[in-house]
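A short worksheet on the structure shown next.
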Amino acid sequence: METKDSPTKLTGDKITRFVERLKKIGIDVKLSGNFPWVYIDEICGKRVTEKFEGNHGFTLIFLPGRNDSPPSEFTDITEIFKLIRKYI
């Protein structure tokens with residue numbers, strides 16, 4: 001169950017804020033997920049082929065496994081922005 005202060009809700013807020021801020025500067029990002037991984041699928045309509053911190057794609061963030069787990073952090077923000085710069 002997702003409550004107002006649950007780690008899953010807080011992690012989801014981070015993801016939403018990240019995507020919305022990129023959208024404001026003209027960068028469209030599409031994500032996909034396979035619990036607990038959240039992958040970057042497309043950047044500006046271009047399919048991402050790199051793999052990072054996962055076997056199936058470029059991992060943006062890991063979702064918390066349990067309700068009492070702390071909210072997740074992005075895998076490596078420097079690598080994420082290197083990837084974004086490469087695709088725009």
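Order determines the names: the first chain of the structure tokens is A, the second B, and so forth; residues in each chain are numbered 1 upward, and ligands are numbered 1 upward as they are shown.
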
Could you please write out, as a ChimeraX atom specification, every residue of chain A that DSSP assigns to alpha helix (DSSP H)?
/A:7-24,77-87

May I have the residues within 10 Å of stretch 74-79 of chain A as a list in words, using only C-alpha atoms and disregarding those fewer than 3 positions away in the same chain?
Thr11, Lys14, Ile15, Val38, Phe52, Glu53, Phe58, Thr59, Leu60, Ile61, Phe62, Leu63, Lys82, Leu83, Ile84 and Arg85 of chain A

File of the preceding selection, N, CA and C atoms, as a PDB file, in the first residue's frame:
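After the write, selection_9.pdb holds the following:
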ATOM      1  N   THR A  11      10.063   7.915  -4.083  1.00  0.00           N
ATOM      2  CA  THR A  11      10.878   7.578  -5.247  1.00  0.00           C
ATOM      3  C   THR A  11      10.132   7.938  -6.523  1.00  0.00           C
ATOM      4  N   LYS A  14      10.407  11.577  -7.249  1.00  0.00           N
ATOM      5  CA  LYS A  14      11.717  11.927  -7.825  1.00  0.00           C
ATOM      6  C   LYS A  14      11.728  11.671  -9.323  1.00  0.00           C
ATOM      7  N   ILE A  15      11.182  10.521  -9.712  1.00  0.00           N
ATOM      8  CA  ILE A  15      11.159  10.159 -11.128  1.00  0.00           C
ATOM      9  C   ILE A  15      10.290  11.142 -11.908  1.00  0.00           C
ATOM     10  N   VAL A  38      14.072   0.683 -12.994  1.00  0.00           N
ATOM     11  CA  VAL A  38      13.400   1.629 -13.883  1.00  0.00           C
ATOM     12  C   VAL A  38      14.449   2.026 -14.921  1.00  0.00           C
ATOM     13  N   PHE A  52      23.389  -0.206 -18.213  1.00  0.00           N
ATOM     14  CA  PHE A  52      24.078   0.329 -17.049  1.00  0.00           C
ATOM     15  C   PHE A  52      23.358  -0.150 -15.792  1.00  0.00           C
ATOM     16  N   GLU A  53      24.062  -0.800 -14.911  1.00  0.00           N
ATOM     17  CA  GLU A  53      23.516  -1.276 -13.631  1.00  0.00           C
ATOM     18  C   GLU A  53      22.334  -2.227 -13.805  1.00  0.00           C
ATOM     19  N   PHE A  58      19.467   0.781 -19.595  1.00  0.00           N
ATOM     20  CA  PHE A  58      20.166   1.789 -18.805  1.00  0.00           C
ATOM     21  C   PHE A  58      19.309   2.117 -17.585  1.00  0.00           C
ATOM     22  N   THR A  59      19.760   1.699 -16.408  1.00  0.00           N
ATOM     23  CA  THR A  59      18.974   1.838 -15.186  1.00  0.00           C
ATOM     24  C   THR A  59      19.044   3.261 -14.656  1.00  0.00           C
ATOM     25  N   LEU A  60      17.877   3.871 -14.519  1.00  0.00           N
ATOM     26  CA  LEU A  60      17.760   5.216 -13.955  1.00  0.00           C
ATOM     27  C   LEU A  60      17.759   5.161 -12.438  1.00  0.00           C
ATOM     28  N   ILE A  61      16.962   4.251 -11.886  1.00  0.00           N
ATOM     29  CA  ILE A  61      16.774   4.180 -10.437  1.00  0.00           C
ATOM     30  C   ILE A  61      16.253   2.785 -10.083  1.00  0.00           C
ATOM     31  N   PHE A  62      16.497   2.364  -8.857  1.00  0.00           N
ATOM     32  CA  PHE A  62      15.934   1.125  -8.329  1.00  0.00           C
ATOM     33  C   PHE A  62      14.793   1.485  -7.396  1.00  0.00           C
ATOM     34  N   LEU A  63      13.672   0.805  -7.516  1.00  0.00           N
ATOM     35  CA  LEU A  63      12.551   1.041  -6.605  1.00  0.00           C
ATOM     36  C   LEU A  63      12.814   0.315  -5.286  1.00  0.00           C
ATOM     37  N   LYS A  82      25.430  12.093 -19.071  1.00  0.00           N
ATOM     38  CA  LYS A  82      26.299  11.769 -20.211  1.00  0.00           C
ATOM     39  C   LYS A  82      25.470  11.081 -21.304  1.00  0.00           C
ATOM     40  N   LEU A  83      24.606  10.155 -20.874  1.00  0.00           N
ATOM     41  CA  LEU A  83      23.740   9.445 -21.822  1.00  0.00           C
ATOM     42  C   LEU A  83      22.773  10.415 -22.499  1.00  0.00           C
ATOM     43  N   ILE A  84      22.173  11.293 -21.722  1.00  0.00           N
ATOM     44  CA  ILE A  84      21.224  12.261 -22.284  1.00  0.00           C
ATOM     45  C   ILE A  84      21.911  13.165 -23.299  1.00  0.00           C
ATOM     46  N   ARG A  85      23.105  13.657 -22.965  1.00  0.00           N
ATOM     47  CA  ARG A  85      23.848  14.504 -23.909  1.00  0.00           C
ATOM     48  C   ARG A  85      24.190  13.754 -25.189  1.00  0.00           C
TER      49      ARG A  85
END

Could you give me, as a ChimeraX atom specification, each residue of chain A that DSSP assigns to strand (DSSP E or B) when run on this structure's backbone?
/A:29-34,37-43,46-47,52,58-62,74

What's around stretch 43-48 of chain A at 6 Å? Count only C-alpha atoms, leave out sequence neighbours fewer than 2 positions away in its own chain, and write the answer as a list in words.
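These residues fall inside the cut-off: Ile27, Asp28, Val29, Asp41 and Glu50 of chain A.
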
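Distance check against A:Asn34 using only C-alpha atoms: of A:Leu22, A:Arg17, A:Ser69, A:Asn55, the minimum falls on A:Asn55.
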
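Of the residues listed (A:Ser32, A:Lys24, A:Gly12, A:Lys51), A:Lys51 shows the shortest atom-to-atom separation from A:Ile80; distances use only C-alpha atoms.
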